[in-house]
Amino acid sequence: MAMIHNRSRHRLTAYSLILPFVAIFALVFGYPVIEVIRMSFTDAPLIGEGEWVGWDNYKRLFSDRLFYTSVINNGYFVLLTVVPTTVIALMISLAVNRLSGRMQALALVFFFTPYVLPVSVVTQIWAWMLDFQFGILQPVLEFFTGKPVPVFKNPFWVMPAVALVTIWWTNGFNVLLFIAGLRNIPEELYEAAKLDGATRRQLFFRVTWPLLWPVTALVLTLQLILQLKIFDQVYLLSEGGPFNSSYVLLLMVYREAFQLNNGGYAAAVSLVLFLLIVVISVLQFQLLRVGGKDK
Amino acid sequence: MTRQRRIENAALTGLTMVGGLIWVFPLYWAFVTSIRSENRVVSDEAGLLPDEFNLSSYIDALFNSSLIDWYINSIGTSVIVTAIVLVTGMMCAYALSQMRFPGRKLLYLVVLGSFMVPAQALVVPQFVLMNDMGLINRWGGIILPQLVVPVVIIVYKQFFDAVPKEMKEAVVLDGGGDYTLLFRVYLPLNWGITTALGIITFIMTWNAFLWPFLVITTEDMMTIPVGITQVNDAFGVAYARIMSVALLAAAPVVIAYLIFQKRVTEAVMISSGVKG
């Protein structure tokens, strides 16, 4: 009797511990997941009920040119950010890691501070840096192009510029992950390799790089997911323009739902974005794992 | 060390520091701009070095915008989100890690799975829900959808799993229950993790843009990251003022980071699982 009593009390305690999280989760996560799926099959406005329309939203989506533009822009942005930021972060972390004491702390502050800034602070600073008339970086652009460029109003420059801003903003996070990874590599390995007469280059490619691979894979995966969800910077710097040259999927969700009042259609776009992220990140994860095993 | 090696090392160090200075240059430039007068900012004589100490745009920003309201909203909502996320997270993680109950596996799978769902894909139904609950333009509306942070549970669970069983026995012998265990043993043993997760959650919430931007439409209810975008619209192109507002908006987190550098650095490393 006592045993049974104890066990049910144990369970009750467990349920009381998980209840707060589960209740919040069900309300603001579980229910919206179901709702976004249901809404995507209706022609509902943002607020209010709609009619069931079956697959219409998806049919419309796959014949919507703006959808393809967005997907391509999302892909382009991923190309411009994910690998470059990983390489840059790796280089910076190697450079910072060989410093010691106060010098290292100071270097870390330099490279990490942008990460703690709100996105709108970042975009305002860069809008000023790259301002068409008075931007301090315009002479640099002029040097390469021969004339000042209104970067966020130019279809060619807008995505690379947003990518630059994004890398500046988020790179510090990746640097920290790499530094943590570097600190995990036992010093003895380097000493042993040095005794064997390894050069600096060999130390990097035979010791550092293979042992750092798991962190590299993590950074690549996190970055890929993060950059697929690009919205804030694009919205604040170019609003998807000019001529939709920086229009991305999440911007499409925003515009359809909150400006054009097409809740159902926006839900369909959201779901496609979600599926895209899941499929790509699972694929990438598998790929990177295989890549890691070769080493 | 050979002479050549020493020179090489010094050069590398110098290069790193110069690189770092270039990296923070935009912040420096924002500061220099913010302490100039608007006329000076756009004049040809404006050089790279600070040549004026004009605080008028700061005073303007503080008194002629709703900056103070935005601070209050940001601090209030971020503190509440962080507190609730930590408490509900550690309770749930404790149950998952230390207790046996039907549904445990399922719950853990759901937590792991929700890690994959981008919150941004849910903004449409979440907005409808907040509207139904009458929480548009309210703190509740900003807070509620930001309360699900699965990574907090995952990290807590890992650390609770690693607590040696002997720690438990003494409390159990004294007749202490699971709540006592959690708050008297597991939590104190993992203060470091709590601080780390708290810092990460706070920075994340403080800097959140998309959700507060959607759920708030009146200026006095905005958070800092959303509010300062209004300054552009209000001031037109007035870069000294825009930079002052931007720097004032960034100041609390940047100052907190500079004071707690080591903790913040560790927090990022721990919560991403690279450092145990």
# chains A, B, ... in the order shown; residues from 1 in each chain; ligands from 1
>>> select_by_dssp(residues="range 131-275 of chain B", states="helix (DSSP H, G or I)", output="PyMOL selection string")
chain B and resi 131-132+139-146+150-161+166-173+178-189+191-207+210-215+219-221+224-235+239-259+261-271
>>> residues_around(residues="Leu236 in chain A", least_positions_apart="6", cutoff="10 Å", atoms="only C-alpha atoms", output="ChimeraX atom specification")
/A:119-120,122-124,127,162 /B:229
>>> interface_residues(of="chain B", to="chain A", cutoff="6 Å", atoms="only C-alpha atoms", output="PyMOL selection string")
chain B and resi 20+24+88+91-92+95+101+121+125-126+145+207+225+246+250+269
>>> atom_distance(atom1="CA of Val85 in chain B", atom2="CA of Leu147 in chain B")
5.6 Å
>>> closest_residue(among="B:Leu258, B:Ala196, B:Ile143, B:Leu49", to="Val215 in chain B", atoms="only C-alpha atoms")
B:Ile143
>>> atom_distance(atom1="CA of Ser63 in chain A", atom2="CA of Asn154 in chain A")
26.8 Å
>>> closest_residue(among="B:Ser34, B:Val253, B:Gly176, B:Phe213", to="Val226 in chain B", atoms="only C-alpha atoms")
B:Phe213
>>> atom_distance(atom1="CA of Ser66 in chain B", atom2="CA of Trp139 in chain B")
16.2 Å
>>> residues_around(residues="Gly227 in chain B", least_positions_apart="5", cutoff="7 Å", atoms="only C-alpha atoms", output="short mmCIF file (atom, residue, chain, number, x, y, z; two decimals) with N, CA and C atoms, in the first residue's frame")
data_model
loop_
_atom_site.label_atom_id
_atom_site.label_comp_id
_atom_site.auth_asym_id
_atom_site.auth_seq_id
_atom_site.Cartn_x
_atom_site.Cartn_y
_atom_site.Cartn_z
N TRP B 70 11.00 52.98 -23.54
CA TRP B 70 11.52 51.76 -24.18
C TRP B 70 12.46 51.01 -23.26
N GLU B 219 3.89 53.55 -29.75
CA GLU B 219 5.26 53.90 -29.47
C GLU B 219 5.64 53.70 -28.00
N MET B 222 6.83 50.08 -27.00
CA MET B 222 7.90 49.41 -27.73
C MET B 222 9.09 49.07 -26.84
#
>>> residues_around(residues="range 69-79 of chain A", least_positions_apart="5", cutoff="6 Å", atoms="only C-alpha atoms", output="ChimeraX atom specification")
/A:227,247-249
>>> write_last_selection(atoms="C-alpha atoms", output="tab-separated table (two decimals), in the first residue's frame")
chain	number	residue	atom	x	y	z
A	227	GLN	CA	20.92	32.72	-41.93
A	247	TYR	CA	13.21	39.81	-50.74
A	248	VAL	CA	13.41	36.70	-48.54
A	249	LEU	CA	10.93	34.09	-47.29
>>> decode(residues="range 150-171 of chain B", atoms="N, CA and C atoms", output="mmCIF file, in the first residue's frame")
data_model
loop_
_atom_site.group_PDB
_atom_site.id
_atom_site.type_symbol
_atom_site.label_atom_id
_atom_site.label_comp_id
_atom_site.auth_asym_id
_atom_site.auth_seq_id
_atom_site.Cartn_x
_atom_site.Cartn_y
_atom_site.Cartn_z
ATOM 1 N N PRO B 150 13.862 25.853 -25.527
ATOM 2 C CA PRO B 150 14.165 24.441 -25.247
ATOM 3 C C PRO B 150 15.611 24.208 -24.852
ATOM 4 N N VAL B 151 16.524 25.034 -25.376
ATOM 5 C CA VAL B 151 17.935 24.771 -25.102
ATOM 6 C C VAL B 151 18.241 24.881 -23.607
ATOM 7 N N VAL B 152 17.466 25.705 -22.889
ATOM 8 C CA VAL B 152 17.660 25.834 -21.446
ATOM 9 C C VAL B 152 17.412 24.481 -20.770
ATOM 10 N N ILE B 153 16.342 23.807 -21.183
ATOM 11 C CA ILE B 153 16.035 22.499 -20.603
ATOM 12 C C ILE B 153 17.122 21.489 -20.958
ATOM 13 N N ILE B 154 17.552 21.518 -22.213
ATOM 14 C CA ILE B 154 18.543 20.542 -22.656
ATOM 15 C C ILE B 154 19.839 20.702 -21.866
ATOM 16 N N VAL B 155 20.289 21.953 -21.703
ATOM 17 C CA VAL B 155 21.541 22.184 -20.966
ATOM 18 C C VAL B 155 21.387 21.819 -19.491
ATOM 19 N N TYR B 156 20.295 22.286 -18.869
ATOM 20 C CA TYR B 156 20.067 21.943 -17.457
ATOM 21 C C TYR B 156 20.060 20.430 -17.264
ATOM 22 N N LYS B 157 19.369 19.720 -18.159
ATOM 23 C CA LYS B 157 19.264 18.269 -18.006
ATOM 24 C C LYS B 157 20.650 17.631 -18.045
ATOM 25 N N GLN B 158 21.481 18.071 -18.981
ATOM 26 C CA GLN B 158 22.840 17.520 -19.065
ATOM 27 C C GLN B 158 23.583 17.689 -17.748
ATOM 28 N N PHE B 159 23.456 18.877 -17.166
ATOM 29 C CA PHE B 159 24.201 19.126 -15.940
ATOM 30 C C PHE B 159 23.589 18.407 -14.744
ATOM 31 N N PHE B 160 22.265 18.307 -14.704
ATOM 32 C CA PHE B 160 21.620 17.558 -13.619
ATOM 33 C C PHE B 160 21.977 16.077 -13.716
ATOM 34 N N ASP B 161 22.053 15.568 -14.952
ATOM 35 C CA ASP B 161 22.419 14.158 -15.145
ATOM 36 C C ASP B 161 23.777 13.861 -14.529
ATOM 37 N N ALA B 162 24.656 14.866 -14.554
ATOM 38 C CA ALA B 162 26.037 14.639 -14.128
ATOM 39 C C ALA B 162 26.236 14.789 -12.615
ATOM 40 N N VAL B 163 25.182 15.205 -11.896
ATOM 41 C CA VAL B 163 25.326 15.363 -10.441
ATOM 42 C C VAL B 163 25.418 13.972 -9.811
ATOM 43 N N PRO B 164 26.474 13.716 -8.983
ATOM 44 C CA PRO B 164 26.627 12.388 -8.390
ATOM 45 C C PRO B 164 25.438 12.027 -7.498
ATOM 46 N N LYS B 165 25.040 10.757 -7.577
ATOM 47 C CA LYS B 165 23.855 10.296 -6.842
ATOM 48 C C LYS B 165 23.997 10.469 -5.329
ATOM 49 N N GLU B 166 25.252 10.418 -4.826
ATOM 50 C CA GLU B 166 25.447 10.508 -3.367
ATOM 51 C C GLU B 166 24.914 11.830 -2.814
ATOM 52 N N MET B 167 24.962 12.868 -3.649
ATOM 53 C CA MET B 167 24.489 14.169 -3.206
ATOM 54 C C MET B 167 23.025 14.092 -2.809
ATOM 55 N N LYS B 168 22.328 13.172 -3.453
ATOM 56 C CA LYS B 168 20.892 13.060 -3.267
ATOM 57 C C LYS B 168 20.562 12.396 -1.924
ATOM 58 N N GLU B 169 21.350 11.369 -1.623
ATOM 59 C CA GLU B 169 20.974 10.474 -0.532
ATOM 60 C C GLU B 169 20.785 11.185 0.797
ATOM 61 N N ALA B 170 21.694 12.075 1.128
ATOM 62 C CA ALA B 170 21.612 12.757 2.421
ATOM 63 C C ALA B 170 20.278 13.461 2.586
ATOM 64 N N VAL B 171 19.856 14.135 1.530
ATOM 65 C CA VAL B 171 18.608 14.874 1.604
ATOM 66 C C VAL B 171 17.423 13.920 1.719
#
